[in-house]
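The structure file start_21.pdb is reproduced below (PDB, C-alpha atoms).
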ATOM      1  CA  MET P   1     138.619 -36.217 136.120
ATOM      2  CA  GLU P   2     139.277 -38.345 139.154
ATOM      3  CA  GLN P   3     139.802 -42.079 138.609
ATOM      4  CA  LEU P   4     139.605 -44.748 141.268
ATOM      5  CA  ASP P   5     141.534 -47.991 141.152
ATOM      6  CA  ILE P   6     138.319 -50.029 141.173
ATOM      7  CA  SER P   7     135.835 -51.314 138.638
ATOM      8  CA  GLY P   8     132.049 -51.344 138.683
ATOM      9  CA  THR P   9     129.143 -53.279 137.228
ATOM     10  CA  LEU P  10     125.713 -52.021 136.210
ATOM     11  CA  THR P  11     123.042 -54.724 136.192
ATOM     12  CA  CYS P  12     119.668 -54.304 134.508
ATOM     13  CA  LYS P  13     116.874 -56.771 135.277
ATOM     14  CA  PHE P  14     113.852 -56.900 133.002
ATOM     15  CA  GLU P  15     110.514 -58.692 133.161
ATOM     16  CA  MET P  16     111.142 -60.262 129.738
ATOM     17  CA  ASP P  17     113.812 -62.402 128.090
ATOM     18  CA  LEU P  18     115.517 -60.012 125.666
ATOM     19  CA  GLY P  19     117.198 -62.775 123.675
ATOM     20  CA  GLN P  20     114.036 -64.762 123.161
ATOM     21  CA  LEU P  21     111.754 -61.841 122.313
ATOM     22  CA  LYS P  22     114.475 -59.922 120.429
ATOM     23  CA  HIS P  23     113.615 -56.527 121.850
ATOM     24  CA  ASP P  24     115.943 -53.560 121.346
ATOM     25  CA  PHE P  25     117.355 -52.140 124.562
ATOM     26  CA  SER P  26     119.558 -49.356 125.861
ATOM     27  CA  VAL P  27     121.191 -47.966 128.988
ATOM     28  CA  GLN P  28     121.120 -44.186 129.423
ATOM     29  CA  HIS P  29     123.262 -42.164 131.832
ATOM     30  CA  TYR P  30     122.038 -38.963 133.493
ATOM     31  CA  SER P  31     124.932 -37.055 135.025
ATOM     32  CA  PRO P  32     124.480 -34.841 138.115
ATOM     33  CA  GLU P  33     125.510 -31.820 136.009
ATOM     34  CA  ASP P  34     122.864 -32.425 133.305
ATOM     35  CA  ASP P  35     120.010 -34.595 134.524
ATOM     36  CA  VAL P  36     117.722 -33.587 131.639
ATOM     37  CA  ILE P  37     119.492 -34.962 128.574
ATOM     38  CA  PRO P  38     120.873 -38.497 128.986
ATOM     39  CA  ASP P  39     123.985 -39.912 127.377
ATOM     40  CA  PRO P  40     123.408 -43.332 125.811
ATOM     41  CA  VAL P  41     126.120 -45.677 127.077
ATOM     42  CA  LEU P  42     124.723 -48.855 125.487
ATOM     43  CA  ARG P  43     122.403 -49.253 122.494
ATOM     44  CA  CYS P  44     121.492 -52.698 121.152
ATOM     45  CA  ILE P  45     119.277 -53.292 118.130
ATOM     46  CA  PHE P  46     118.056 -56.580 116.704
ATOM     47  CA  ARG P  47     118.192 -56.509 112.910
ATOM     48  CA  LYS P  48     115.729 -58.543 110.860
ATOM     49  CA  ASP P  49     116.486 -62.306 110.983
ATOM     50  CA  SER P  50     119.415 -61.772 113.374
ATOM     51  CA  GLU P  51     119.990 -64.028 116.382
ATOM     52  CA  HIS P  52     122.133 -61.458 118.204
ATOM     53  CA  PRO P  53     121.787 -57.687 118.526
ATOM     54  CA  GLU P  54     124.173 -55.121 117.115
ATOM     55  CA  CYS P  55     125.423 -53.089 120.066
ATOM     56  CA  GLU P  56     127.178 -49.746 120.400
ATOM     57  CA  VAL P  57     129.001 -49.158 123.675
ATOM     58  CA  GLU P  58     130.429 -45.826 124.773
ATOM     59  CA  ILE P  59     134.092 -45.518 125.709
ATOM     60  CA  GLY P  60     134.668 -46.394 129.358
ATOM     61  CA  TYR P  61     132.034 -49.166 129.395
ATOM     62  CA  VAL P  62     132.250 -52.830 128.362
ATOM     63  CA  PHE P  63     129.342 -55.029 127.251
ATOM     64  CA  GLU P  64     130.267 -58.630 126.432
ATOM     65  CA  GLN P  65     127.120 -60.597 127.050
ATOM     66  CA  ASN P  66     127.004 -63.456 124.570
ATOM     67  CA  THR P  67     123.750 -64.900 125.862
ATOM     68  CA  LEU P  68     120.876 -62.525 126.514
ATOM     69  CA  SER P  69     118.214 -63.179 129.116
ATOM     70  CA  ASN P  70     116.191 -60.880 131.340
ATOM     71  CA  VAL P  71     119.448 -59.624 132.905
ATOM     72  CA  ILE P  72     122.183 -57.598 131.214
ATOM     73  CA  THR P  73     125.416 -56.366 132.748
ATOM     74  CA  LEU P  74     127.557 -53.440 131.736
ATOM     75  CA  GLU P  75     131.083 -53.275 133.119
ATOM     76  CA  ILE P  76     132.939 -50.079 134.035
ATOM     77  CA  PRO P  77     136.602 -51.208 134.201
ATOM     78  CA  HIS P  78     137.930 -47.936 135.681
ATOM     79  CA  LEU P  79     135.446 -45.918 137.704
ATOM     80  CA  GLN P  80     135.719 -42.157 137.329
ATOM     81  CA  THR P  81     133.734 -39.227 138.650
ATOM     82  CA  VAL P  82     132.059 -38.889 135.220
ATOM     83  CA  HIS P  83     130.314 -42.222 135.841
ATOM     84  CA  GLN P  84     128.305 -40.784 138.753
ATOM     85  CA  GLY P  85     124.603 -40.196 138.209
ATOM     86  CA  TRP P  86     121.395 -42.002 137.292
ATOM     87  CA  TYR P  87     121.315 -44.938 134.889
ATOM     88  CA  VAL P  88     118.124 -45.982 133.119
ATOM     89  CA  CYS P  89     117.728 -49.380 131.468
ATOM     90  CA  GLN P  90     115.117 -49.359 128.739
ATOM     91  CA  VAL P  91     113.534 -51.988 126.494
ATOM     92  CA  ILE P  92     111.500 -51.097 123.434
ATOM     93  CA  PRO P  93     109.597 -53.965 121.800
ATOM     94  CA  ALA P  94     110.422 -54.468 118.142
ATOM     95  CA  ILE P  95     107.825 -53.597 115.525
ATOM     96  CA  LYS P  96     107.569 -56.138 112.765
ATOM     97  CA  GLU P  97     107.706 -54.712 109.253
ATOM     98  CA  ASP P  98     104.573 -56.609 108.246
ATOM     99  CA  ASP P  99     102.639 -55.359 111.281
ATOM    100  CA  ASP P 100      99.705 -53.054 110.483
ATOM    101  CA  THR P 101     100.232 -51.178 113.727
ATOM    102  CA  LYS P 102     101.621 -47.659 113.501
ATOM    103  CA  PRO P 103     105.092 -47.277 115.047
ATOM    104  CA  CYS P 104     103.906 -45.576 118.250
ATOM    105  CA  ASN P 105     100.840 -47.726 118.934
ATOM    106  CA  GLY P 106     101.111 -50.536 121.415
ATOM    107  CA  ILE P 107     104.655 -49.728 122.467
ATOM    108  CA  SER P 108     105.367 -50.411 126.104
ATOM    109  CA  LEU P 109     108.595 -49.477 127.814
ATOM    110  CA  SER P 110     110.293 -51.410 130.552
ATOM    111  CA  LEU P 111     112.338 -49.019 132.662
ATOM    112  CA  SER P 112     114.748 -49.648 135.475
ATOM    113  CA  MET P 113     116.606 -46.860 137.263
ATOM    114  CA  PHE P 114     119.484 -46.881 139.683
ATOM    115  CA  LEU P 115     121.924 -44.387 141.151
ATOM    116  CA  PHE P 116     125.685 -44.690 141.067
ATOM    117  CA  LYS P 117     127.676 -42.456 143.386
ATOM    118  CA  TYR P 118     130.952 -42.766 145.193
ATOM    119  CA  GLN P 119     132.830 -40.592 147.621
ATOM    120  CA  THR P 120     136.524 -40.021 147.908
ATOM    121  CA  GLY P 121     138.545 -39.427 151.041
TER     122      GLY P 121
END
Starting from the file, give its structure as structure tokens.
Amino acid sequence: MEQLDISGTLTCKFEMDLGQLKHDFSVQHYSPEDDVIPDPVLRCIFRKDSEHPECEVEIGYVFEQNTLSNVITLEIPHLQTVHQGWYVCQVIPAIKEDDDTKPCNGISLSLSMFLFKYQTG
């Protein structure tokens, strides 16, 4: 696993304010070796009556965004070849427990994709 002496930042821009609307969101990584099954690198879920989401971040990534808006950033302190591939930012609107709508009805996804690739000497 080759490591460069540089860091990187992934930035996701959404059409909605995640903090205000309290939508769950995630960032998925598709590696060049397996572009079918993504690896979740960030998963954030708003629990009932919570002001801030509970987030799980994979090793090698850092997410320290105290204030959510329509932009989130995910830091990669030490870029490695395993970080190459496609990244997908996804928002899934929360379903209220008292909502009569079935879980799959009315769900819209906000997707953003970008490619990260670097070359060595």
Using only C-alpha atoms, which residues sit within 8 Å of P:Glu51 once same-chain residues fewer than 4 positions away are excluded, as a PDB file with C-alpha atoms, in the coordinates of the input?
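Below is the file around-v7.pdb, written as the result:
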ATOM      1  CA  GLY P  19     117.198 -62.775 123.675  1.00  0.00           C
ATOM      2  CA  LYS P  22     114.475 -59.922 120.429  1.00  0.00           C
ATOM      3  CA  PHE P  46     118.056 -56.580 116.704  1.00  0.00           C
TER       4      PHE P  46
END
Where does the PyMOL selection byres ((chain P and resi 58-60) around 12) land in this file, that is, which residues does it pick, as a PDB file with C-alpha atoms, keeping the file's coordinate frame?
ATOM      1  CA  GLN P   3     139.802 -42.079 138.609  1.00  0.00           C
ATOM      2  CA  SER P   7     135.835 -51.314 138.638  1.00  0.00           C
ATOM      3  CA  GLY P   8     132.049 -51.344 138.683  1.00  0.00           C
ATOM      4  CA  THR P   9     129.143 -53.279 137.228  1.00  0.00           C
ATOM      5  CA  SER P  26     119.558 -49.356 125.861  1.00  0.00           C
ATOM      6  CA  VAL P  27     121.191 -47.966 128.988  1.00  0.00           C
ATOM      7  CA  GLN P  28     121.120 -44.186 129.423  1.00  0.00           C
ATOM      8  CA  HIS P  29     123.262 -42.164 131.832  1.00  0.00           C
ATOM      9  CA  ASP P  39     123.985 -39.912 127.377  1.00  0.00           C
ATOM     10  CA  PRO P  40     123.408 -43.332 125.811  1.00  0.00           C
ATOM     11  CA  VAL P  41     126.120 -45.677 127.077  1.00  0.00           C
ATOM     12  CA  LEU P  42     124.723 -48.855 125.487  1.00  0.00           C
ATOM     13  CA  ARG P  43     122.403 -49.253 122.494  1.00  0.00           C
ATOM     14  CA  CYS P  44     121.492 -52.698 121.152  1.00  0.00           C
ATOM     15  CA  CYS P  55     125.423 -53.089 120.066  1.00  0.00           C
ATOM     16  CA  GLU P  56     127.178 -49.746 120.400  1.00  0.00           C
ATOM     17  CA  VAL P  57     129.001 -49.158 123.675  1.00  0.00           C
ATOM     18  CA  TYR P  61     132.034 -49.166 129.395  1.00  0.00           C
ATOM     19  CA  VAL P  62     132.250 -52.830 128.362  1.00  0.00           C
ATOM     20  CA  PHE P  63     129.342 -55.029 127.251  1.00  0.00           C
ATOM     21  CA  LEU P  74     127.557 -53.440 131.736  1.00  0.00           C
ATOM     22  CA  GLU P  75     131.083 -53.275 133.119  1.00  0.00           C
ATOM     23  CA  ILE P  76     132.939 -50.079 134.035  1.00  0.00           C
ATOM     24  CA  PRO P  77     136.602 -51.208 134.201  1.00  0.00           C
ATOM     25  CA  HIS P  78     137.930 -47.936 135.681  1.00  0.00           C
ATOM     26  CA  LEU P  79     135.446 -45.918 137.704  1.00  0.00           C
ATOM     27  CA  GLN P  80     135.719 -42.157 137.329  1.00  0.00           C
ATOM     28  CA  THR P  81     133.734 -39.227 138.650  1.00  0.00           C
ATOM     29  CA  VAL P  82     132.059 -38.889 135.220  1.00  0.00           C
ATOM     30  CA  HIS P  83     130.314 -42.222 135.841  1.00  0.00           C
TER      31      HIS P  83
END
Handout entry: Residue among P:Asp24, P:Leu10, P:Ser31, P:Met16 lying closest to P:Gln84, counting all atoms listed in the file
Key = P:Ser31
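Of the residues under consideration (P:Cys12, P:Ile92, P:Ile6, P:Leu68), P:Leu68 shows the shortest atom-to-atom contact distance to P:Pro53 when counting only C-alpha atoms.
Take the candidates P:Asp17, P:His52, P:Gln90, P:Gly85 and check each one against P:Asp34 using all atoms listed in the file; the shortest distance goes to P:Gly85.
In this structure, atom CA of P:Asn70 sits 5.7 Å away from atom CA of P:Lys13.
Nearest to P:Val71 of all the residues P:Ile45, P:Leu18, P:Val91, P:Ile37 is P:Leu18, counting only C-alpha atoms.
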Handout entry: Distance of atom CA of P:Cys89 from atom CA of P:Ser69, expressed in Å to one decimal place
Key = 14.0 Å
